[in-house]
Each structure stands twice: as structure tokens, then as C-alpha cells.
file run.pdb (PDB, N, CA and C atoms)
MODEL        1
ATOM      1  N   MET A   1      14.290 247.870 172.600
ATOM      2  CA  MET A   1      14.601 249.282 172.654
ATOM      3  C   MET A   1      14.031 249.972 171.414
ATOM      4  N   PRO A   2      13.397 251.114 171.599
ATOM      5  CA  PRO A   2      12.871 251.842 170.452
ATOM      6  C   PRO A   2      13.989 252.300 169.505
ATOM      7  N   LYS A   3      13.689 252.288 168.233
ATOM      8  CA  LYS A   3      14.629 252.747 167.214
ATOM      9  C   LYS A   3      14.252 254.176 166.819
ATOM     10  N   ILE A   4      15.258 255.055 166.853
ATOM     11  CA  ILE A   4      15.087 256.452 166.466
ATOM     12  C   ILE A   4      16.032 256.705 165.299
ATOM     13  N   THR A   5      15.538 257.349 164.249
ATOM     14  CA  THR A   5      16.362 257.668 163.087
ATOM     15  C   THR A   5      16.655 259.155 163.080
ATOM     16  N   TYR A   6      17.935 259.480 162.973
ATOM     17  CA  TYR A   6      18.427 260.854 162.922
ATOM     18  C   TYR A   6      18.893 261.111 161.483
ATOM     19  N   VAL A   7      18.299 262.115 160.838
ATOM     20  CA  VAL A   7      18.632 262.424 159.450
ATOM     21  C   VAL A   7      19.394 263.730 159.418
ATOM     22  N   ALA A   8      20.616 263.685 158.905
ATOM     23  CA  ALA A   8      21.474 264.868 158.816
ATOM     24  C   ALA A   8      21.021 265.765 157.670
ATOM     25  N   PRO A   9      21.478 267.014 157.653
ATOM     26  CA  PRO A   9      21.106 267.924 156.563
ATOM     27  C   PRO A   9      21.484 267.408 155.172
ATOM     28  N   ASP A  10      22.499 266.539 155.079
ATOM     29  CA  ASP A  10      22.883 265.974 153.777
ATOM     30  C   ASP A  10      22.070 264.721 153.430
ATOM     31  N   ASP A  11      21.031 264.445 154.218
ATOM     32  CA  ASP A  11      20.124 263.305 154.048
ATOM     33  C   ASP A  11      20.716 261.955 154.433
ATOM     34  N   SER A  12      21.927 261.931 154.985
ATOM     35  CA  SER A  12      22.430 260.670 155.529
ATOM     36  C   SER A  12      21.670 260.397 156.822
ATOM     37  N   ALA A  13      21.456 259.134 157.120
ATOM     38  CA  ALA A  13      20.642 258.780 158.288
ATOM     39  C   ALA A  13      21.329 257.727 159.131
ATOM     40  N   ARG A  14      21.081 257.822 160.444
ATOM     41  CA  ARG A  14      21.536 256.803 161.406
ATOM     42  C   ARG A  14      20.340 256.392 162.240
ATOM     43  N   THR A  15      20.112 255.107 162.315
ATOM     44  CA  THR A  15      19.048 254.574 163.154
ATOM     45  C   THR A  15      19.699 253.928 164.362
ATOM     46  N   LEU A  16      19.258 254.369 165.541
ATOM     47  CA  LEU A  16      19.863 253.921 166.793
ATOM     48  C   LEU A  16      18.825 253.321 167.728
ATOM     49  N   ASP A  17      19.243 252.353 168.513
ATOM     50  CA  ASP A  17      18.429 251.855 169.617
ATOM     51  C   ASP A  17      18.643 252.819 170.768
ATOM     52  N   VAL A  18      17.568 253.442 171.236
ATOM     53  CA  VAL A  18      17.672 254.416 172.322
ATOM     54  C   VAL A  18      16.901 253.874 173.524
ATOM     55  N   PRO A  19      17.551 253.805 174.684
ATOM     56  CA  PRO A  19      16.905 253.218 175.864
ATOM     57  C   PRO A  19      15.636 253.956 176.289
ATOM     58  N   LEU A  20      14.684 253.185 176.735
ATOM     59  CA  LEU A  20      13.452 253.746 177.284
ATOM     60  C   LEU A  20      13.785 254.670 178.449
ATOM     61  N   GLY A  21      13.034 255.761 178.543
ATOM     62  CA  GLY A  21      13.196 256.677 179.664
ATOM     63  C   GLY A  21      14.251 257.748 179.448
ATOM     64  N   THR A  22      15.087 257.601 178.422
ATOM     65  CA  THR A  22      16.052 258.653 178.114
ATOM     66  C   THR A  22      15.374 259.625 177.155
ATOM     67  N   SER A  23      16.140 260.464 176.516
ATOM     68  CA  SER A  23      15.557 261.397 175.552
ATOM     69  C   SER A  23      16.163 261.169 174.176
ATOM     70  N   VAL A  24      15.493 261.674 173.176
ATOM     71  CA  VAL A  24      16.013 261.611 171.808
ATOM     72  C   VAL A  24      17.355 262.348 171.747
ATOM     73  N   MET A  25      17.484 263.444 172.494
ATOM     74  CA  MET A  25      18.742 264.187 172.570
ATOM     75  C   MET A  25      19.840 263.324 173.173
ATOM     76  N   ARG A  26      19.571 262.659 174.292
ATOM     77  CA  ARG A  26      20.570 261.830 174.965
ATOM     78  C   ARG A  26      21.008 260.687 174.053
ATOM     79  N   GLY A  27      20.073 260.115 173.291
ATOM     80  CA  GLY A  27      20.424 259.065 172.334
ATOM     81  C   GLY A  27      21.415 259.565 171.299
ATOM     82  N   ALA A  28      21.228 260.797 170.840
ATOM     83  CA  ALA A  28      22.143 261.382 169.854
ATOM     84  C   ALA A  28      23.507 261.662 170.467
ATOM     85  N   VAL A  29      23.524 262.306 171.619
ATOM     86  CA  VAL A  29      24.784 262.670 172.271
ATOM     87  C   VAL A  29      25.581 261.415 172.651
ATOM     88  N   SER A  30      24.919 260.414 173.167
ATOM     89  CA  SER A  30      25.595 259.179 173.587
ATOM     90  C   SER A  30      26.189 258.404 172.423
ATOM     91  N   ASN A  31      25.682 258.667 171.225
ATOM     92  CA  ASN A  31      26.139 257.947 170.039
ATOM     93  C   ASN A  31      26.868 258.848 169.043
ATOM     94  N   ASP A  32      27.308 260.010 169.520
ATOM     95  CA  ASP A  32      28.098 260.937 168.696
ATOM     96  C   ASP A  32      27.425 261.323 167.382
ATOM     97  N   VAL A  33      26.126 261.593 167.443
ATOM     98  CA  VAL A  33      25.414 262.078 166.273
ATOM     99  C   VAL A  33      25.749 263.561 166.102
ATOM    100  N   ASP A  34      26.351 263.907 164.974
ATOM    101  CA  ASP A  34      26.658 265.311 164.705
ATOM    102  C   ASP A  34      25.363 266.085 164.511
ATOM    103  N   GLY A  35      25.339 267.303 165.034
ATOM    104  CA  GLY A  35      24.185 268.156 164.819
ATOM    105  C   GLY A  35      23.328 268.391 166.046
ATOM    106  N   ILE A  36      23.587 267.680 167.125
ATOM    107  CA  ILE A  36      22.900 267.920 168.394
ATOM    108  C   ILE A  36      23.965 268.423 169.360
ATOM    109  N   VAL A  37      23.890 269.700 169.732
ATOM    110  CA  VAL A  37      24.901 270.305 170.597
ATOM    111  C   VAL A  37      24.562 270.076 172.065
ATOM    112  N   ALA A  38      23.335 270.321 172.441
ATOM    113  CA  ALA A  38      22.850 270.058 173.803
ATOM    114  C   ALA A  38      23.651 270.793 174.871
ATOM    115  N   GLN A  39      23.846 272.077 174.690
ATOM    116  CA  GLN A  39      24.645 272.872 175.635
ATOM    117  C   GLN A  39      24.112 272.845 177.059
ATOM    118  N   CYS A  40      22.802 272.834 177.236
ATOM    119  CA  CYS A  40      22.249 272.897 178.596
ATOM    120  C   CYS A  40      22.065 271.510 179.204
ATOM    121  N   GLY A  41      22.428 270.473 178.477
ATOM    122  CA  GLY A  41      22.353 269.130 179.030
ATOM    123  C   GLY A  41      20.958 268.543 179.120
ATOM    124  N   GLY A  42      20.008 269.125 178.441
ATOM    125  CA  GLY A  42      18.660 268.563 178.428
ATOM    126  C   GLY A  42      17.664 269.258 179.318
ATOM    127  N   ASN A  43      17.908 270.515 179.629
ATOM    128  CA  ASN A  43      17.019 271.262 180.525
ATOM    129  C   ASN A  43      16.091 272.244 179.828
ATOM    130  N   ALA A  44      15.984 272.146 178.512
ATOM    131  CA  ALA A  44      15.111 273.036 177.719
ATOM    132  C   ALA A  44      15.427 274.506 177.961
ATOM    133  N   GLN A  45      16.730 274.815 178.015
ATOM    134  CA  GLN A  45      17.137 276.193 178.274
ATOM    135  C   GLN A  45      18.034 276.781 177.190
ATOM    136  N   CYS A  46      18.339 276.016 176.121
ATOM    137  CA  CYS A  46      19.292 276.555 175.144
ATOM    138  C   CYS A  46      18.866 276.385 173.688
ATOM    139  N   ALA A  47      17.975 275.504 173.389
ATOM    140  CA  ALA A  47      17.482 275.242 172.030
ATOM    141  C   ALA A  47      18.560 274.731 171.082
ATOM    142  N   THR A  48      19.641 274.133 171.619
ATOM    143  CA  THR A  48      20.689 273.586 170.750
ATOM    144  C   THR A  48      20.512 272.086 170.496
ATOM    145  N   CYS A  49      19.312 271.599 170.740
ATOM    146  CA  CYS A  49      18.981 270.211 170.406
ATOM    147  C   CYS A  49      17.724 270.190 169.527
ATOM    148  N   HIS A  50      17.519 271.289 168.819
ATOM    149  CA  HIS A  50      16.376 271.467 167.935
ATOM    150  C   HIS A  50      16.378 270.391 166.846
ATOM    151  N   VAL A  51      15.220 269.814 166.584
ATOM    152  CA  VAL A  51      15.040 268.862 165.491
ATOM    153  C   VAL A  51      13.701 269.143 164.813
ATOM    154  N   TYR A  52      13.584 268.618 163.615
ATOM    155  CA  TYR A  52      12.319 268.650 162.892
ATOM    156  C   TYR A  52      11.801 267.211 162.849
ATOM    157  N   VAL A  53      10.649 266.968 163.443
ATOM    158  CA  VAL A  53      10.061 265.627 163.429
ATOM    159  C   VAL A  53       9.499 265.374 162.042
ATOM    160  N   ASP A  54       9.884 264.257 161.465
ATOM    161  CA  ASP A  54       9.444 263.901 160.118
ATOM    162  C   ASP A  54       7.923 263.827 160.059
ATOM    163  N   GLU A  55       7.372 264.304 158.962
ATOM    164  CA  GLU A  55       5.908 264.302 158.795
ATOM    165  C   GLU A  55       5.330 262.899 158.961
ATOM    166  N   GLU A  56       6.071 261.896 158.542
ATOM    167  CA  GLU A  56       5.623 260.508 158.625
ATOM    168  C   GLU A  56       5.421 260.051 160.074
ATOM    169  N   THR A  57       6.181 260.635 160.988
ATOM    170  CA  THR A  57       6.111 260.211 162.390
ATOM    171  C   THR A  57       5.728 261.365 163.315
ATOM    172  N   ARG A  58       5.160 262.401 162.766
ATOM    173  CA  ARG A  58       4.865 263.623 163.514
ATOM    174  C   ARG A  58       3.941 263.418 164.716
ATOM    175  N   ASP A  59       3.058 262.438 164.650
ATOM    176  CA  ASP A  59       2.098 262.222 165.738
ATOM    177  C   ASP A  59       2.628 261.329 166.852
ATOM    178  N   LYS A  60       3.839 260.824 166.729
ATOM    179  CA  LYS A  60       4.382 259.924 167.760
ATOM    180  C   LYS A  60       4.705 260.623 169.083
ATOM    181  N   PRO A  61       5.378 261.776 169.069
ATOM    182  CA  PRO A  61       5.725 262.400 170.356
ATOM    183  C   PRO A  61       4.510 262.963 171.089
ATOM    184  N   ALA A  62       4.635 263.022 172.402
ATOM    185  CA  ALA A  62       3.610 263.669 173.225
ATOM    186  C   ALA A  62       3.599 265.165 172.914
ATOM    187  N   ALA A  63       2.523 265.819 173.251
ATOM    188  CA  ALA A  63       2.401 267.262 173.021
ATOM    189  C   ALA A  63       3.476 268.014 173.789
ATOM    190  N   MET A  64       3.901 269.136 173.231
ATOM    191  CA  MET A  64       4.946 269.913 173.903
ATOM    192  C   MET A  64       4.365 270.753 175.031
ATOM    193  N   ARG A  65       5.220 271.022 175.990
ATOM    194  CA  ARG A  65       4.856 271.881 177.122
ATOM    195  C   ARG A  65       5.192 273.327 176.780
ATOM    196  N   ALA A  66       4.696 274.240 177.589
ATOM    197  CA  ALA A  66       4.871 275.676 177.340
ATOM    198  C   ALA A  66       6.335 276.097 177.297
ATOM    199  N   ASN A  67       7.185 275.553 178.194
ATOM    200  CA  ASN A  67       8.587 275.971 178.207
ATOM    201  C   ASN A  67       9.312 275.554 176.924
ATOM    202  N   GLU A  68       8.990 274.381 176.380
ATOM    203  CA  GLU A  68       9.575 273.954 175.111
ATOM    204  C   GLU A  68       9.094 274.863 173.988
ATOM    205  N   ASP A  69       7.809 275.153 173.979
ATOM    206  CA  ASP A  69       7.237 276.029 172.954
ATOM    207  C   ASP A  69       7.937 277.386 172.948
ATOM    208  N   GLU A  70       8.187 277.935 174.118
ATOM    209  CA  GLU A  70       8.873 279.228 174.226
ATOM    210  C   GLU A  70      10.313 279.147 173.722
ATOM    211  N   MET A  71      11.051 278.090 174.089
ATOM    212  CA  MET A  71      12.453 277.950 173.677
ATOM    213  C   MET A  71      12.585 277.797 172.170
ATOM    214  N   LEU A  72      11.598 277.225 171.530
ATOM    215  CA  LEU A  72      11.668 277.037 170.084
ATOM    216  C   LEU A  72      11.674 278.355 169.319
ATOM    217  N   ASP A  73      11.352 279.440 169.994
ATOM    218  CA  ASP A  73      11.434 280.760 169.353
ATOM    219  C   ASP A  73      12.872 281.257 169.274
ATOM    220  N   PHE A  74      13.816 280.530 169.868
ATOM    221  CA  PHE A  74      15.211 280.958 169.914
ATOM    222  C   PHE A  74      16.160 280.006 169.189
ATOM    223  N   THR A  75      15.644 279.197 168.286
ATOM    224  CA  THR A  75      16.492 278.262 167.551
ATOM    225  C   THR A  75      17.323 278.987 166.504
ATOM    226  N   ALA A  76      18.495 278.423 166.183
ATOM    227  CA  ALA A  76      19.387 279.028 165.191
ATOM    228  C   ALA A  76      18.809 278.914 163.784
ATOM    229  N   CYS A  77      18.159 277.813 163.490
ATOM    230  CA  CYS A  77      17.498 277.622 162.198
ATOM    231  C   CYS A  77      16.008 277.876 162.386
ATOM    232  N   PRO A  78      15.320 278.215 161.328
ATOM    233  CA  PRO A  78      13.913 278.598 161.462
ATOM    234  C   PRO A  78      13.048 277.534 162.147
ATOM    235  N   ARG A  79      12.169 278.021 162.983
ATOM    236  CA  ARG A  79      11.170 277.158 163.610
ATOM    237  C   ARG A  79      10.139 276.784 162.553
ATOM    238  N   ARG A  80       9.697 275.543 162.617
ATOM    239  CA  ARG A  80       8.663 275.041 161.707
ATOM    240  C   ARG A  80       7.559 274.410 162.555
ATOM    241  N   PRO A  81       6.423 274.103 161.940
ATOM    242  CA  PRO A  81       5.351 273.467 162.712
ATOM    243  C   PRO A  81       5.755 272.128 163.340
ATOM    244  N   ASN A  82       6.745 271.462 162.761
ATOM    245  CA  ASN A  82       7.189 270.171 163.280
ATOM    246  C   ASN A  82       8.471 270.281 164.116
ATOM    247  N   SER A  83       8.847 271.488 164.527
ATOM    248  CA  SER A  83      10.025 271.691 165.377
ATOM    249  C   SER A  83       9.777 271.183 166.783
ATOM    250  N   ARG A  84      10.813 270.551 167.331
ATOM    251  CA  ARG A  84      10.785 270.108 168.724
ATOM    252  C   ARG A  84      12.188 270.228 169.299
ATOM    253  N   LEU A  85      12.272 270.253 170.621
ATOM    254  CA  LEU A  85      13.551 270.143 171.304
ATOM    255  C   LEU A  85      13.722 268.660 171.621
ATOM    256  N   SER A  86      14.794 268.065 171.114
ATOM    257  CA  SER A  86      14.949 266.628 171.296
ATOM    258  C   SER A  86      15.168 266.238 172.755
ATOM    259  N   CYS A  87      15.588 267.191 173.592
ATOM    260  CA  CYS A  87      15.733 266.887 175.025
ATOM    261  C   CYS A  87      14.377 266.677 175.689
ATOM    262  N   GLN A  88      13.332 267.174 175.076
ATOM    263  CA  GLN A  88      11.985 267.052 175.648
ATOM    264  C   GLN A  88      11.207 265.875 175.071
ATOM    265  N   LEU A  89      11.824 265.137 174.172
ATOM    266  CA  LEU A  89      11.186 263.958 173.587
ATOM    267  C   LEU A  89      11.667 262.728 174.356
ATOM    268  N   LYS A  90      10.910 262.364 175.371
ATOM    269  CA  LYS A  90      11.257 261.202 176.195
ATOM    270  C   LYS A  90      10.951 259.919 175.428
ATOM    271  N   VAL A  91      11.902 259.017 175.434
ATOM    272  CA  VAL A  91      11.769 257.790 174.661
ATOM    273  C   VAL A  91      10.843 256.810 175.376
ATOM    274  N   THR A  92       9.799 256.453 174.662
ATOM    275  CA  THR A  92       8.811 255.469 175.106
ATOM    276  C   THR A  92       8.643 254.463 173.970
ATOM    277  N   GLU A  93       7.930 253.398 174.236
ATOM    278  CA  GLU A  93       7.645 252.420 173.172
ATOM    279  C   GLU A  93       6.925 253.087 171.996
ATOM    280  N   GLU A  94       6.100 254.093 172.303
ATOM    281  CA  GLU A  94       5.349 254.788 171.250
ATOM    282  C   GLU A  94       6.265 255.541 170.287
ATOM    283  N   LEU A  95       7.474 255.873 170.712
ATOM    284  CA  LEU A  95       8.405 256.587 169.828
ATOM    285  C   LEU A  95       9.188 255.666 168.904
ATOM    286  N   ASP A  96       9.007 254.349 169.044
ATOM    287  CA  ASP A  96       9.699 253.419 168.163
ATOM    288  C   ASP A  96       9.401 253.785 166.709
ATOM    289  N   GLY A  97      10.454 253.983 165.924
ATOM    290  CA  GLY A  97      10.291 254.358 164.520
ATOM    291  C   GLY A  97      10.312 255.853 164.277
ATOM    292  N   LEU A  98      10.478 256.654 165.329
ATOM    293  CA  LEU A  98      10.520 258.113 165.173
ATOM    294  C   LEU A  98      11.663 258.510 164.254
ATOM    295  N   ILE A  99      11.394 259.480 163.387
ATOM    296  CA  ILE A  99      12.404 260.033 162.480
ATOM    297  C   ILE A  99      12.504 261.523 162.777
ATOM    298  N   VAL A 100      13.738 261.978 163.049
ATOM    299  CA  VAL A 100      13.965 263.397 163.254
ATOM    300  C   VAL A 100      15.038 263.898 162.281
ATOM    301  N   HIS A 101      14.805 265.089 161.772
ATOM    302  CA  HIS A 101      15.756 265.723 160.856
ATOM    303  C   HIS A 101      16.508 266.798 161.633
ATOM    304  N   LEU A 102      17.813 266.821 161.464
ATOM    305  CA  LEU A 102      18.657 267.794 162.146
ATOM    306  C   LEU A 102      18.753 269.060 161.313
ATOM    307  N   PRO A 103      18.688 270.211 161.953
ATOM    308  CA  PRO A 103      18.832 271.469 161.207
ATOM    309  C   PRO A 103      20.285 271.661 160.758
ATOM    310  N   GLU A 104      20.497 272.612 159.884
ATOM    311  CA  GLU A 104      21.845 272.857 159.367
ATOM    312  C   GLU A 104      22.805 273.335 160.441
ATOM    313  N   ARG A 105      22.284 274.023 161.441
ATOM    314  CA  ARG A 105      23.136 274.478 162.541
ATOM    315  C   ARG A 105      22.280 274.631 163.793
ATOM    316  N   GLN A 106      22.965 274.620 164.938
ATOM    317  CA  GLN A 106      22.286 274.759 166.229
ATOM    318  C   GLN A 106      22.639 276.083 166.907
ATOM    319  N   GLN A 107      23.708 276.705 166.510
ATOM    320  CA  GLN A 107      24.136 277.947 167.181
ATOM    321  C   GLN A 107      24.309 279.041 166.172
TER     322      GLN A 107
ENDMDL
END

call {"tool": "encode", "arguments": {"input": "run.pdb", "output": "C-alpha cells"}}
result
Amino acid sequence: MPKITYVAPDDSARTLDVPLGTSVMRGAVSNDVDGIVAQCGGNAQCATCHVYVDEETRDKPAAMRANEDEMLDFTACPRRPNSRLSCQLKVTEELDGLIVHLPERQQ
């Protein structure tokens, strides 16, 4: 199972085994990671699963689609070049070692 590291705003980190085919968001919600609200349940409609992909692993995720790009304009914390919606990051073997930083707030 790929390992995904979630880094909280206080720099504490949790590395989790996340099943293939799920999402980075689902891995967080299933393991009670604080900082991922996921109000829409993973449908790219609320931007409450916003994360910042660590520069070290920025090239691991697939390119974002237009609907994700549009939703990122509505995040509670500022959008950055490495912003992604974790519900749109499908877990594959290529994501093993991915590091995501959680914003200070989602709403």
C-alpha cells in the first residue's frame, strides 16, 4: 500500500498506508486526520479537502482537471502553485511517498 504523509500546520506529521484506488482525502478521513473536512464527500464541489503538495513530491500526482482547478479558487486558505484537492488525488503506486501539507483552515 502506498504511504502518504499528512503534515499539519504545526508541522506534526502522520504517515499512513492508503489503499490503491482510493483518494488522499479518503485516506485522511478514514484515519481521523484533522484538517480535512471533505464536506462534499469527494466530488470536487466544496474545496474543504485542500492540501499543499510538498515541493519534494510535487511531480507525483497526475495533472489536475479543469473542475479541480476552478474549485481551488474557492479555498479558505490562499491558493498556491502546489495547491490540490485531496479528493482528486487518486492513490496509485506512483503516489507512494507523497507528502501533503494541510492548510490552517478549510472553511

call {"tool": "residues_around", "arguments": {"input": "run.pdb", "residues": "Val24 (chain A)", "least_positions_apart": "2", "cutoff": "7 Å", "atoms": "only N, CA and C atoms", "output": "NGL selection string"}}
result
:A and (22 or 26-29 or 86-91)

call {"tool": "residues_around", "arguments": {"input": "run.pdb", "residues": "Cys77 (chain A)", "least_positions_apart": "5", "cutoff": "6.5 Å", "atoms": "only N, CA and C atoms", "output": "VMD selection string"}}
result
chain A and resid 103 to 107

call {"tool": "atom_distance", "arguments": {"input": "run.pdb", "atom1": "atom N of Thr5 (chain A)", "atom2": "atom N of Glu68 (chain A)"}}
result
21.9 Å

call {"tool": "residues_around", "arguments": {"input": "run.pdb", "residues": "Thr92 (chain A)", "least_positions_apart": "2", "cutoff": "6 Å", "atoms": "only C-alpha atoms", "output": "list in words"}}
result
Leu20, Glu94 and Leu95 of chain A

call {"tool": "atom_distance", "arguments": {"input": "run.pdb", "atom1": "CA of Ser12 (chain A)", "atom2": "CA of Cys40 (chain A)"}}
result
26.1 Å

call {"tool": "resolve_selection", "arguments": {"input": "run.pdb", "expression": "the PyMOL selection byres ((chain A and resi 57) around 8)", "output": "VMD selection string"}}
result
chain A and resid 53 to 56 58 to 61 97 to 100

call {"tool": "atom_distance", "arguments": {"input": "run.pdb", "atom1": "atom N of Lys3 (chain A)", "atom2": "CA of Arg79 (chain A)"}}
result
25.4 Å

call {"tool": "closest_residue", "arguments": {"input": "run.pdb", "among": "A:Leu16, A:Leu85, A:Leu102, A:Ala8", "to": "Met64 (chain A)", "atoms": "only C-alpha atoms"}}
result
A:Leu85

call {"tool": "residues_around", "arguments": {"input": "run.pdb", "residues": "Met1 (chain A)", "least_positions_apart": "3", "cutoff": "8 Å", "atoms": "only C-alpha atoms", "output": "PDB file with N, CA and C atoms, keeping the file's coordinate frame"}}
result
ATOM      1  N   ASP A  17      19.243 252.353 168.513  1.00  0.00           N
ATOM      2  CA  ASP A  17      18.429 251.855 169.617  1.00  0.00           C
ATOM      3  C   ASP A  17      18.643 252.819 170.768  1.00  0.00           C
ATOM      4  N   VAL A  18      17.568 253.442 171.236  1.00  0.00           N
ATOM      5  CA  VAL A  18      17.672 254.416 172.322  1.00  0.00           C
ATOM      6  C   VAL A  18      16.901 253.874 173.524  1.00  0.00           C
ATOM      7  N   PRO A  19      17.551 253.805 174.684  1.00  0.00           N
ATOM      8  CA  PRO A  19      16.905 253.218 175.864  1.00  0.00           C
ATOM      9  C   PRO A  19      15.636 253.956 176.289  1.00  0.00           C
ATOM     10  N   LEU A  20      14.684 253.185 176.735  1.00  0.00           N
ATOM     11  CA  LEU A  20      13.452 253.746 177.284  1.00  0.00           C
ATOM     12  C   LEU A  20      13.785 254.670 178.449  1.00  0.00           C
ATOM     13  N   GLU A  93       7.930 253.398 174.236  1.00  0.00           N
ATOM     14  CA  GLU A  93       7.645 252.420 173.172  1.00  0.00           C
ATOM     15  C   GLU A  93       6.925 253.087 171.996  1.00  0.00           C
ATOM     16  N   ASP A  96       9.007 254.349 169.044  1.00  0.00           N
ATOM     17  CA  ASP A  96       9.699 253.419 168.163  1.00  0.00           C
ATOM     18  C   ASP A  96       9.401 253.785 166.709  1.00  0.00           C
TER      19      ASP A  96
END

call {"tool": "resolve_selection", "arguments": {"input": "run.pdb", "expression": "the PyMOL selection byres ((chain A and resi 72) around 8)", "output": "PyMOL selection string"}}
result
chain A and resi 44+46-47+50+66-71+73-76+78-80+83-85

call {"tool": "select_by_dssp", "arguments": {"input": "run.pdb", "residues": "chain A", "states": "alpha helix (DSSP H)", "output": "list in words"}}
result
Val24, Met25, Arg26, Gly27, Ala28, Val29, Ser30, Ala66, Asn67, Glu68, Asp69, Glu70 and Met71 of chain A

call {"tool": "write_last_selection", "arguments": {"input": "run.pdb", "atoms": "N, CA and C atoms", "output": "CSV table (one decimal), in the coordinates of the input"}}
result
chain,number,residue,atom,x,y,z
A,24,VAL,N,15.5,261.7,173.2
A,24,VAL,CA,16.0,261.6,171.8
A,24,VAL,C,17.4,262.3,171.7
A,25,MET,N,17.5,263.4,172.5
A,25,MET,CA,18.7,264.2,172.6
A,25,MET,C,19.8,263.3,173.2
A,26,ARG,N,19.6,262.7,174.3
A,26,ARG,CA,20.6,261.8,175.0
A,26,ARG,C,21.0,260.7,174.1
A,27,GLY,N,20.1,260.1,173.3
A,27,GLY,CA,20.4,259.1,172.3
A,27,GLY,C,21.4,259.6,171.3
A,28,ALA,N,21.2,260.8,170.8
A,28,ALA,CA,22.1,261.4,169.9
A,28,ALA,C,23.5,261.7,170.5
A,29,VAL,N,23.5,262.3,171.6
A,29,VAL,CA,24.8,262.7,172.3
A,29,VAL,C,25.6,261.4,172.7
A,30,SER,N,24.9,260.4,173.2
A,30,SER,CA,25.6,259.2,173.6
A,30,SER,C,26.2,258.4,172.4
A,66,ALA,N,4.7,274.2,177.6
A,66,ALA,CA,4.9,275.7,177.3
A,66,ALA,C,6.3,276.1,177.3
A,67,ASN,N,7.2,275.6,178.2
A,67,ASN,CA,8.6,276.0,178.2
A,67,ASN,C,9.3,275.6,176.9
A,68,GLU,N,9.0,274.4,176.4
A,68,GLU,CA,9.6,274.0,175.1
A,68,GLU,C,9.1,274.9,174.0
A,69,ASP,N,7.8,275.2,174.0
A,69,ASP,CA,7.2,276.0,173.0
A,69,ASP,C,7.9,277.4,172.9
A,70,GLU,N,8.2,277.9,174.1
A,70,GLU,CA,8.9,279.2,174.2
A,70,GLU,C,10.3,279.1,173.7
A,71,MET,N,11.1,278.1,174.1
A,71,MET,CA,12.5,278.0,173.7
A,71,MET,C,12.6,277.8,172.2

call {"tool": "select_by_dssp", "arguments": {"input": "run.pdb", "residues": "chain A", "states": "strand (DSSP E)", "output": "ChimeraX atom specification"}}
result
/A:3-7,13-17,50-53,83-85,98-101

call {"tool": "residues_around", "arguments": {"input": "run.pdb", "residues": "Tyr6 (chain A)", "least_positions_apart": "4", "cutoff": "6 Å", "atoms": "only C-alpha atoms", "output": "ChimeraX atom specification"}}
result
/A:13-14,100-101

call {"tool": "build_atoms", "arguments": {"input": "run.pdb", "residues": "region 13-24 of chain A", "atoms": "N, CA, C and O atoms", "output": "PDB file, keeping the file's coordinate frame"}}
result
ATOM      1  N   ALA A  13      21.456 259.134 157.120  1.00  0.00           N
ATOM      2  CA  ALA A  13      20.642 258.780 158.288  1.00  0.00           C
ATOM      3  C   ALA A  13      21.329 257.727 159.131  1.00  0.00           C
ATOM      4  O   ALA A  13      22.055 256.879 158.618  1.00  0.00           O
ATOM      5  N   ARG A  14      21.081 257.822 160.444  1.00  0.00           N
ATOM      6  CA  ARG A  14      21.536 256.803 161.406  1.00  0.00           C
ATOM      7  C   ARG A  14      20.340 256.392 162.240  1.00  0.00           C
ATOM      8  O   ARG A  14      19.650 257.236 162.793  1.00  0.00           O
ATOM      9  N   THR A  15      20.112 255.107 162.315  1.00  0.00           N
ATOM     10  CA  THR A  15      19.048 254.574 163.154  1.00  0.00           C
ATOM     11  C   THR A  15      19.699 253.928 164.362  1.00  0.00           C
ATOM     12  O   THR A  15      20.589 253.079 164.222  1.00  0.00           O
ATOM     13  N   LEU A  16      19.258 254.369 165.541  1.00  0.00           N
ATOM     14  CA  LEU A  16      19.863 253.921 166.793  1.00  0.00           C
ATOM     15  C   LEU A  16      18.825 253.321 167.728  1.00  0.00           C
ATOM     16  O   LEU A  16      17.663 253.755 167.730  1.00  0.00           O
ATOM     17  N   ASP A  17      19.243 252.353 168.513  1.00  0.00           N
ATOM     18  CA  ASP A  17      18.429 251.855 169.617  1.00  0.00           C
ATOM     19  C   ASP A  17      18.643 252.819 170.768  1.00  0.00           C
ATOM     20  O   ASP A  17      19.776 253.021 171.213  1.00  0.00           O
ATOM     21  N   VAL A  18      17.568 253.442 171.236  1.00  0.00           N
ATOM     22  CA  VAL A  18      17.672 254.416 172.322  1.00  0.00           C
ATOM     23  C   VAL A  18      16.901 253.874 173.524  1.00  0.00           C
ATOM     24  O   VAL A  18      15.736 253.502 173.400  1.00  0.00           O
ATOM     25  N   PRO A  19      17.551 253.805 174.684  1.00  0.00           N
ATOM     26  CA  PRO A  19      16.905 253.218 175.864  1.00  0.00           C
ATOM     27  C   PRO A  19      15.636 253.956 176.289  1.00  0.00           C
ATOM     28  O   PRO A  19      15.558 255.182 176.226  1.00  0.00           O
ATOM     29  N   LEU A  20      14.684 253.185 176.735  1.00  0.00           N
ATOM     30  CA  LEU A  20      13.452 253.746 177.284  1.00  0.00           C
ATOM     31  C   LEU A  20      13.785 254.670 178.449  1.00  0.00           C
ATOM     32  O   LEU A  20      14.703 254.407 179.224  1.00  0.00           O
ATOM     33  N   GLY A  21      13.034 255.761 178.543  1.00  0.00           N
ATOM     34  CA  GLY A  21      13.196 256.677 179.664  1.00  0.00           C
ATOM     35  C   GLY A  21      14.251 257.748 179.448  1.00  0.00           C
ATOM     36  O   GLY A  21      14.336 258.685 180.229  1.00  0.00           O
ATOM     37  N   THR A  22      15.087 257.601 178.422  1.00  0.00           N
ATOM     38  CA  THR A  22      16.052 258.653 178.114  1.00  0.00           C
ATOM     39  C   THR A  22      15.374 259.625 177.155  1.00  0.00           C
ATOM     40  O   THR A  22      14.163 259.601 176.988  1.00  0.00           O
ATOM     41  N   SER A  23      16.140 260.464 176.516  1.00  0.00           N
ATOM     42  CA  SER A  23      15.557 261.397 175.552  1.00  0.00           C
ATOM     43  C   SER A  23      16.163 261.169 174.176  1.00  0.00           C
ATOM     44  O   SER A  23      17.240 260.565 174.042  1.00  0.00           O
ATOM     45  N   VAL A  24      15.493 261.674 173.176  1.00  0.00           N
ATOM     46  CA  VAL A  24      16.013 261.611 171.808  1.00  0.00           C
ATOM     47  C   VAL A  24      17.355 262.348 171.747  1.00  0.00           C
ATOM     48  O   VAL A  24      18.290 261.901 171.094  1.00  0.00           O
TER      49      VAL A  24
END
